[in-house]
Amino acid sequence: MPKVSQSKAPELLAPAGGAEALRAAVNNGADAVYLGTETLNARIGAENFSLKALEEATRYAHLRGARVYLTANVIIRPSEMPEALTLASQAWAAGVDAIIVQDLGFARVLRETLPDIRLHASTQMCAHDSVTISELAGLGFSRVTLARELSISEIAAICGIGVAEIEVFVHGALCFCYSGQCLLSSAVGGRSANRGQCTQPCRLPFDLLDDAGRQASTPGRHLMSTKDLAAAPLLPRLVASGVSALKIEGRMKSPEYVAVVTGVYRAALDRALADPEGFEVSDAEMDTLAEVFSRGFTTGYLEGTRDDEYMAYARPSDRGVSVGRVTQVGDGIATISFDKAVEADDTLEFWTRRGRFAQKAGVLDVGGAELTAVPAGEEATVMLEGAAAPGDRVFRVTDAALESAARRTFLAEDAGRMVPVHIGVKAIVGEPFVVTLQADDIRVEVKGAKVEPARTKALTAADITEHVGRLGGTPFVPEGWDIELDPSAGAGFSLLHRVRREATEALETELLAPYASRRRRNPLLPGARAIRRRSSHTREIPDVVAWTIHPQVAKACLDAGAHWAIVPDWAIPKTEEMPDRLVSELPRIMRDRESGFALSDVRPGSNVVAGNLGAVRSASEAGANVWAHWGLNTLNPWTVAVLEDVGASGAWLSPELSGREIARICSESDLPAGIAVLGRQQVMVTEHCILMSGVDCSRQCAECPHRERWYALRDRKGYGFPVMSDPRGRSHLFNAVPLDLTRALPEIVEAGVAAVRLDFTVESLQEAQHLTRLMRAALEAVVAGRPGFQERLLEPSTTGHFFRGVR
């Protein structure tokens with residue numbers, strides 16, 4: 001595989017939730033924008049683009065030297081794959097420069113049917129190790145957006161491999177869970193983050209409880225709410241790491257937000273490129289970023305931060321910028337000592353002991369004079385719309401002047417990123433009137449009618465610069481002139497206007513020429529795999545598989561009839577003899593520095609479950625029998641085929657599938673497939689340790705005594721979500737309500753599922769053993785044609801997405 005050269009000047013990539021945001025991004029210096037259409041993208045709640053609007057967007061961006069990437073960054077149901085393929089074909093014809101993809105099966109389909117399309121791997125793929133990046137490059141991805149949890153040193157090492165361009169986030173909201181691994185919104189509300197429907201339940205209040213039900217003291221109640229990423233101070237280091245693109249998050253944000261943040265990062269990146277040693281970000285720039293949106297800023301994991309500095313425990317929403325404190329209050333009024341300048345149209349938020357409220361500043365009274373603005377260091381009295389008290393802090397959450405200036409960059413008639421052009425004009429009597437336009441290395445020449453001798457007033461250079469230089473309504477601006485003028489030349493201004501117009505149209509055509517040959521195609525959807533009759537992995541009943549973090553529970557389940565059991569690698573004792581049917585689960589988060597240890601016990605013929613693409617490949621090349629983890633989001637048979645090609649001998653399907661979809665995958669794939677049927681499903685894996693919010697942390701994760709017990713996050717409705725942390729300091733959160741598909745077993749058996757999984761978390765050894773025995777008996781009854789269990793094994797419980805599917 002040829003080595004990819006990482007650019008010394010990384011691309012600044014900005015979000016475009018709608019047409020105004022796209023103009024805001026381009027006009028404020030973005031090298032590229034990413035956007036979505038009305039379906040199949042991870043920000044389905046944004047304004048988004050119709051196909052017609054997409055064509056207009058790509059034309060606008062391309063004429064101004066910016067690229068456009070389409071987000072199709074969701075997992076795709078089997079029934080949706082034809083629609084996804086059609087969308088990709090239409091978007092490519094409309095001029096997009098690349099398509100951002102999460103679904104491995106979709107990537108496979110695109111490579112087979114539309115190989116000209118450039119593919120970028122979404123951060124939803126959770127790519128965080130070099131082997132996975134290499135595998136994605138082998139699947140046809142030109143660029144990979146890394147997981148946000150990596151440090152700059154890890155990013156630099158991955159860039160050094162050189163198999164694909166590397167993109168990283170530098171600003172915006174942070175997910176608490178590894179992207180692509182979060183099922184919390186899906187589990188509690190049926191709206192999947194992997195489908196662009198996340199309701200952000202992680203931003204809600206929770207209490208941390210120990211295994212005795214005691215509530216821990218925490219710095220706030222928003223225990224999974226992160227601060228926002230702001231990596232502007234790290235730009236020189238990121239540039240030096242070799243990344244090809246720096247990405248700003250925010251397709252759900254306003255065009256004003258996009259304008260301001262893009263503008264700040266454009267200026268900062270240019271300085272970082274020009275003078276990395278002397279680079280710094282001013283306090284004013286950081287304040288400007290905070291003015292448009294901030295939950296508090298962090299550089300996140302880029303600098304290796306894993307502690308509470310990363311979190312916004314007290315406030316999950318925009319906090320703005322502190323502008324002062326209340327010094328005294330009267331009847332419906334408050335006097336504020338301002339440490340920043342404030343205007344009457346600004347929106348202020350008062351942080352009181354009873355909560356918070358926001359209002360327009362309104363008229364500012366200074367010594368009896370009613371003003372529309374006050375400078376920093378001044379006291380002013382405002383009318384109150386809520387109750388405040390002396391000492392309350394005051395924040396500005398909307399800077400009216402800043403937003404007004406931002407709007408002018410994308411709404412004003414003369415707003416727009418201009419393309420500098422060098423203009424040449426030749427006006428020689430007896431020869432055609434000639435206009436040439438040159439933008440970088442693209443040059444066009446247009447000839448008009450012959451120039452006649454002047455009858456009255458001869459044409460002047462000033463006439464030419466005025467009339468040929470009128471480029472309003474185009475993306476061009478004169479950069480320089482080369483005029484060859486006969487002193488006796490005469491020409492009507494209409495000639496100058498016509499040739500100028502034809503020249504600008506010709507230059508636009510040349511700038512768009514790389515996209516002009518694209519045509520909309522109607523490719524046929526390829527089959528996932530030629531289906532073969534299954535025999536070697538078919539049993540009388542599907543394999544009953546127990547998952548647990550306790551080896552003793554696993555042994556008890558095997559004794560009770562489980563065919564095999566899965567235990568995380570870190571929980572398997574190295575000094576004890578384990579049953580052959582006990583399968584090691586490799587970490588689904590397996591950084592390069594961790595992979596050697598994690599793979600050290602993988603031997604030819606051993607059985608493992610692997611949670612990321614790189615681990616599947618590495619374990620299979622070591623000779624192991626590898627089942628792909630459910631965290632790989634296998635939602636269609638094309639993804640199953642990818643996993644088989646990478647080396648999987650079985651695949652655990654996504655818990656977001658319906659029964660019908662499971663049956664289709666099993667019928668169109670020749671790889672054994674398994675599903676979860678009982679127990680609490682894992683809904684998060686996080687780099688930040690949840691327990692840190694309420695227990696003393698020694699930073700010695702492997703020896704942490706709190707790992708020996710289960711904790712829980714209790715939500716506002718009283719549901720408790722079990723949580724535990726592993727020896728690497730990562731937290732694992734499980735659904736409050738267990739899954740129970742006992743009554744669906746006839747349908748599951750009929751679908752051809754090869755294995756069913758029972759996930760045991762807080763259950764005792766005896767409970768796990770009993771449930772395993774019951775599940776084995778129920779399956780044997782179904783296979784024998786006898787009635788299965790009509791009652792649930794667990795109460796309360798949920799059937800998940802099996803009957804209704806996921807949004």
# chains A, B, ... in the order shown; residues from 1 in each chain; ligands from 1
call {"tool": "residues_around", "arguments": {"residues": "Gly623 of chain A", "least_positions_apart": "6", "cutoff": "10 Å", "atoms": "only C-alpha atoms", "output": "list in words"}}
result
Val602, Arg603, Pro604, Gly605, Ser606, Asn607 and Gly647 of chain A
call {"tool": "write_last_selection", "arguments": {"atoms": "N, CA and C atoms", "output": "compact mmCIF listing (two decimals), in the first residue's frame"}}
result
# COMPACT_ATOMS: atom_id res chain seq x y z
N VAL A 602 -3.29 -14.63 22.83
CA VAL A 602 -3.99 -15.17 21.66
C VAL A 602 -3.08 -16.17 20.96
N ARG A 603 -3.56 -17.40 20.84
CA ARG A 603 -2.77 -18.48 20.26
C ARG A 603 -3.53 -19.13 19.11
N PRO A 604 -2.84 -19.85 18.23
CA PRO A 604 -3.55 -20.60 17.19
C PRO A 604 -4.57 -21.55 17.81
N GLY A 605 -5.79 -21.48 17.32
CA GLY A 605 -6.86 -22.32 17.82
C GLY A 605 -7.62 -21.78 19.00
N SER A 606 -7.12 -20.68 19.61
CA SER A 606 -7.86 -20.10 20.74
C SER A 606 -9.10 -19.38 20.23
N ASN A 607 -10.01 -19.12 21.15
CA ASN A 607 -11.28 -18.46 20.81
C ASN A 607 -11.33 -17.11 21.49
N GLY A 647 -11.31 -11.51 8.74
CA GLY A 647 -10.85 -12.67 9.49
C GLY A 647 -11.81 -13.20 10.53
call {"tool": "closest_atom_pairs", "arguments": {"of": "segment 203-312 of chain A", "to": "segment 391-406 of chain A", "cutoff": "10 Å", "atoms": "only C-alpha atoms", "output": "JSON lines"}}
result
{"residue": "A:Pro255", "atom": "CA", "partner": "A:Ala406", "partner_atom": "CA", "distance": 8.2}
{"residue": "A:Glu256", "atom": "CA", "partner": "A:Ala406", "partner_atom": "CA", "distance": 5.3}
{"residue": "A:Tyr257", "atom": "CA", "partner": "A:Ala406", "partner_atom": "CA", "distance": 8.0}
{"residue": "A:Val258", "atom": "CA", "partner": "A:Ala406", "partner_atom": "CA", "distance": 8.7}
{"residue": "A:Ala259", "atom": "CA", "partner": "A:Ala406", "partner_atom": "CA", "distance": 5.7}
{"residue": "A:Val260", "atom": "CA", "partner": "A:Ala406", "partner_atom": "CA", "distance": 6.2}
{"residue": "A:Val261", "atom": "CA", "partner": "A:Ala406", "partner_atom": "CA", "distance": 9.9}
{"residue": "A:Gly263", "atom": "CA", "partner": "A:Ala406", "partner_atom": "CA", "distance": 9.3}
{"residue": "A:Thr288", "atom": "CA", "partner": "A:Leu402", "partner_atom": "CA", "distance": 8.2}
{"residue": "A:Ala290", "atom": "CA", "partner": "A:Val397", "partner_atom": "CA", "distance": 8.7}
{"residue": "A:Glu291", "atom": "CA", "partner": "A:Val397", "partner_atom": "CA", "distance": 6.3}
{"residue": "A:Val292", "atom": "CA", "partner": "A:Thr398", "partner_atom": "CA", "distance": 6.8}
{"residue": "A:Phe293", "atom": "CA", "partner": "A:Val397", "partner_atom": "CA", "distance": 7.6}
{"residue": "A:Ser294", "atom": "CA", "partner": "A:Val397", "partner_atom": "CA", "distance": 8.9}
call {"tool": "closest_residue", "arguments": {"among": "A:Ile665, A:Ala46, A:Val544, A:Val685", "to": "Arg728 of chain A", "atoms": "only C-alpha atoms"}}
result
A:Val685
call {"tool": "select_by_dssp", "arguments": {"residues": "segment 262-372 of chain A", "states": "strand (DSSP E or B)", "output": "VMD selection string"}}
result
chain A and resid 297 to 298 311 321 to 329 333 to 338 342 to 343 347 to 352 355 to 360 364 to 366 369 to 371
call {"tool": "closest_residue", "arguments": {"among": "A:Gly324, A:Gly650, A:Pro637, A:Pro219", "to": "Arg664 of chain A", "atoms": "only C-alpha atoms"}}
result
A:Pro637
call {"tool": "closest_residue", "arguments": {"among": "A:Gly492, A:Gly36, A:Pro568, A:Gly729", "to": "Arg588 of chain A", "atoms": "only C-alpha atoms"}}
result
A:Pro568
call {"tool": "closest_residue", "arguments": {"among": "A:Ala768, A:Val646, A:Leu671, A:Ile423", "to": "Ala565 of chain A", "atoms": "only C-alpha atoms"}}
result
A:Ala768
call {"tool": "select_by_dssp", "arguments": {"residues": "segment 263-400 of chain A", "states": "alpha helix (DSSP H)", "output": "number ranges by chain"}}
result
A: 263-274, 283-292, 400
call {"tool": "atom_distance", "arguments": {"atom1": "atom CA of Gly95 of chain A", "atom2": "atom CA of Glu508 of chain A"}}
result
14.3 Å
call {"tool": "residues_around", "arguments": {"residues": "segment 434-451 of chain A", "least_positions_apart": "6", "cutoff": "10 Å", "atoms": "only C-alpha atoms", "output": "number ranges by chain"}}
result
A: 419-428, 468, 476-484, 486, 488-492, 495-496, 498-511
call {"tool": "residues_around", "arguments": {"residues": "Ile566 of chain A", "least_positions_apart": "2", "cutoff": "7 Å", "atoms": "only C-alpha atoms", "output": "MDAnalysis selection string"}}
result
chainID A and resid 546:548 564 568 582:585
call {"tool": "closest_residue", "arguments": {"among": "A:Gln102, A:Ser185, A:Ser282, A:Gln700", "to": "Thr634 of chain A", "atoms": "only C-alpha atoms"}}
result
A:Gln102
call {"tool": "residues_around", "arguments": {"residues": "segment 73-81 of chain A", "least_positions_apart": "4", "cutoff": "7 Å", "atoms": "only C-alpha atoms", "output": "PyMOL selection string"}}
result
chain A and resi 40-42+85+100-103+122+194-196+635-636+661
call {"tool": "closest_residue", "arguments": {"among": "A:Asp592, A:Glu11, A:Asp569, A:Glu343", "to": "Ile155 of chain A", "atoms": "only C-alpha atoms"}}
result
A:Asp592
call {"tool": "residues_around", "arguments": {"residues": "segment 300-315 of chain A", "least_positions_apart": "5", "cutoff": "9 Å", "atoms": "only C-alpha atoms", "output": "PyMOL selection string"}}
result
chain A and resi 148-155+174+203+205+218-231+234+295+687-689+692-693+699
call {"tool": "residues_around", "arguments": {"residues": "Ala369 of chain A", "least_positions_apart": "5", "cutoff": "12 Å", "atoms": "only C-alpha atoms", "output": "ChimeraX atom specification"}}
result
/A:363-364,374,379-382
call {"tool": "decode", "arguments": {"residues": "segment 232-344 of chain A", "atoms": "C-alpha atoms", "output": "mmCIF file, in the first residue's frame"}}
result
data_model
loop_
_atom_site.group_PDB
_atom_site.id
_atom_site.type_symbol
_atom_site.label_atom_id
_atom_site.label_comp_id
_atom_site.auth_asym_id
_atom_site.auth_seq_id
_atom_site.Cartn_x
_atom_site.Cartn_y
_atom_site.Cartn_z
ATOM 1 C CA ALA A 232 -6.733 26.369 19.361
ATOM 2 C CA PRO A 233 -3.729 26.685 21.735
ATOM 3 C CA LEU A 234 -2.431 23.329 20.457
ATOM 4 C CA LEU A 235 -2.492 24.116 16.733
ATOM 5 C CA PRO A 236 1.299 24.132 16.197
ATOM 6 C CA ARG A 237 1.612 20.708 17.842
ATOM 7 C CA LEU A 238 -1.286 19.355 15.810
ATOM 8 C CA VAL A 239 0.224 20.687 12.597
ATOM 9 C CA ALA A 240 3.555 19.092 13.534
ATOM 10 C CA SER A 241 1.826 15.760 14.215
ATOM 11 C CA GLY A 242 1.083 15.442 10.505
ATOM 12 C CA VAL A 243 -2.709 15.584 10.487
ATOM 13 C CA SER A 244 -4.358 16.385 7.174
ATOM 14 C CA ALA A 245 -7.508 18.022 8.521
ATOM 15 C CA LEU A 246 -8.643 19.924 11.610
ATOM 16 C CA LYS A 247 -12.374 19.585 12.181
ATOM 17 C CA ILE A 248 -14.819 21.922 13.897
ATOM 18 C CA GLU A 249 -17.918 20.241 15.345
ATOM 19 C CA GLY A 250 -21.303 21.936 15.061
ATOM 20 C CA ARG A 251 -23.801 21.032 12.324
ATOM 21 C CA MET A 252 -26.574 21.661 14.842
ATOM 22 C CA LYS A 253 -25.160 25.074 15.722
ATOM 23 C CA SER A 254 -26.222 28.428 14.262
ATOM 24 C CA PRO A 255 -24.624 30.039 11.188
ATOM 25 C CA GLU A 256 -23.344 32.774 13.519
ATOM 26 C CA TYR A 257 -21.517 30.150 15.576
ATOM 27 C CA VAL A 258 -19.987 28.673 12.434
ATOM 28 C CA ALA A 259 -18.889 32.108 11.212
ATOM 29 C CA VAL A 260 -17.203 33.108 14.461
ATOM 30 C CA VAL A 261 -15.492 29.807 15.259
ATOM 31 C CA THR A 262 -14.286 29.276 11.696
ATOM 32 C CA GLY A 263 -12.933 32.835 11.576
ATOM 33 C CA VAL A 264 -11.009 32.449 14.837
ATOM 34 C CA TYR A 265 -9.497 29.115 13.800
ATOM 35 C CA ARG A 266 -8.625 30.382 10.316
ATOM 36 C CA ALA A 267 -6.640 33.266 11.755
ATOM 37 C CA ALA A 268 -5.040 31.094 14.431
ATOM 38 C CA LEU A 269 -4.093 28.321 12.012
ATOM 39 C CA ASP A 270 -2.512 30.792 9.600
ATOM 40 C CA ARG A 271 -0.378 32.175 12.446
ATOM 41 C CA ALA A 272 0.543 28.675 13.603
ATOM 42 C CA LEU A 273 1.729 27.816 10.096
ATOM 43 C CA ALA A 274 3.669 31.065 9.703
ATOM 44 C CA ASP A 275 5.343 31.104 13.140
ATOM 45 C CA PRO A 276 4.833 27.943 15.180
ATOM 46 C CA GLU A 277 7.481 28.887 17.759
ATOM 47 C CA GLY A 278 5.985 32.295 18.507
ATOM 48 C CA PHE A 279 2.363 31.169 18.261
ATOM 49 C CA GLU A 280 -0.163 31.934 20.977
ATOM 50 C CA VAL A 281 -3.913 32.350 21.206
ATOM 51 C CA SER A 282 -5.055 35.567 22.799
ATOM 52 C CA ASP A 283 -7.483 35.796 25.701
ATOM 53 C CA ALA A 284 -9.710 37.839 23.408
ATOM 54 C CA GLU A 285 -9.875 34.975 20.901
ATOM 55 C CA MET A 286 -10.770 32.456 23.599
ATOM 56 C CA ASP A 287 -13.426 34.840 24.932
ATOM 57 C CA THR A 288 -14.825 35.184 21.420
ATOM 58 C CA LEU A 289 -15.098 31.414 21.126
ATOM 59 C CA ALA A 290 -16.794 31.262 24.519
ATOM 60 C CA GLU A 291 -19.223 34.038 23.561
ATOM 61 C CA VAL A 292 -20.804 31.962 20.787
ATOM 62 C CA PHE A 293 -21.066 28.738 22.829
ATOM 63 C CA SER A 294 -19.214 27.149 25.707
ATOM 64 C CA ARG A 295 -19.847 24.632 28.447
ATOM 65 C CA GLY A 296 -16.377 25.547 29.613
ATOM 66 C CA PHE A 297 -13.373 24.646 27.485
ATOM 67 C CA THR A 298 -10.897 21.793 27.633
ATOM 68 C CA THR A 299 -8.163 20.483 25.380
ATOM 69 C CA GLY A 300 -9.606 17.077 26.200
ATOM 70 C CA TYR A 301 -7.544 13.980 25.663
ATOM 71 C CA LEU A 302 -5.187 15.737 23.238
ATOM 72 C CA GLU A 303 -2.963 16.544 26.202
ATOM 73 C CA GLY A 304 -3.733 13.298 27.994
ATOM 74 C CA THR A 305 -6.382 14.748 30.313
ATOM 75 C CA ARG A 306 -8.462 12.027 31.987
ATOM 76 C CA ASP A 307 -9.521 13.708 35.214
ATOM 77 C CA ASP A 308 -12.417 15.936 36.229
ATOM 78 C CA GLU A 309 -10.963 18.916 34.359
ATOM 79 C CA TYR A 310 -12.594 17.307 31.342
ATOM 80 C CA MET A 311 -16.097 17.461 32.840
ATOM 81 C CA ALA A 312 -18.894 20.022 33.198
ATOM 82 C CA TYR A 313 -20.577 18.429 36.196
ATOM 83 C CA ALA A 314 -22.530 21.532 37.232
ATOM 84 C CA ARG A 315 -23.874 22.736 33.898
ATOM 85 C CA PRO A 316 -24.603 20.789 30.693
ATOM 86 C CA SER A 317 -25.429 23.795 28.484
ATOM 87 C CA ASP A 318 -23.922 27.061 27.240
ATOM 88 C CA ARG A 319 -22.397 29.107 30.044
ATOM 89 C CA GLY A 320 -21.151 32.027 27.943
ATOM 90 C CA VAL A 321 -18.613 34.456 29.391
ATOM 91 C CA SER A 322 -18.504 35.913 32.881
ATOM 92 C CA VAL A 323 -19.134 39.675 32.675
ATOM 93 C CA GLY A 324 -19.606 40.708 36.315
ATOM 94 C CA ARG A 325 -21.392 40.355 39.653
ATOM 95 C CA VAL A 326 -24.507 41.773 41.229
ATOM 96 C CA THR A 327 -23.506 44.335 43.863
ATOM 97 C CA GLN A 328 -26.964 45.362 45.095
ATOM 98 C CA VAL A 329 -30.618 44.816 44.342
ATOM 99 C CA GLY A 330 -33.755 46.889 44.713
ATOM 100 C CA ASP A 331 -37.386 46.559 43.735
ATOM 101 C CA GLY A 332 -37.102 44.724 40.389
ATOM 102 C CA ILE A 333 -33.635 46.113 39.664
ATOM 103 C CA ALA A 334 -30.030 45.037 40.116
ATOM 104 C CA THR A 335 -26.783 46.951 40.053
ATOM 105 C CA ILE A 336 -23.991 45.034 38.370
ATOM 106 C CA SER A 337 -20.286 45.676 38.446
ATOM 107 C CA PHE A 338 -19.195 44.805 34.910
ATOM 108 C CA ASP A 339 -15.678 43.570 34.198
ATOM 109 C CA LYS A 340 -16.401 43.381 30.477
ATOM 110 C CA ALA A 341 -18.138 45.836 28.144
ATOM 111 C CA VAL A 342 -21.847 45.074 27.722
ATOM 112 C CA GLU A 343 -24.531 46.335 25.334
ATOM 113 C CA ALA A 344 -28.277 46.649 25.825
#
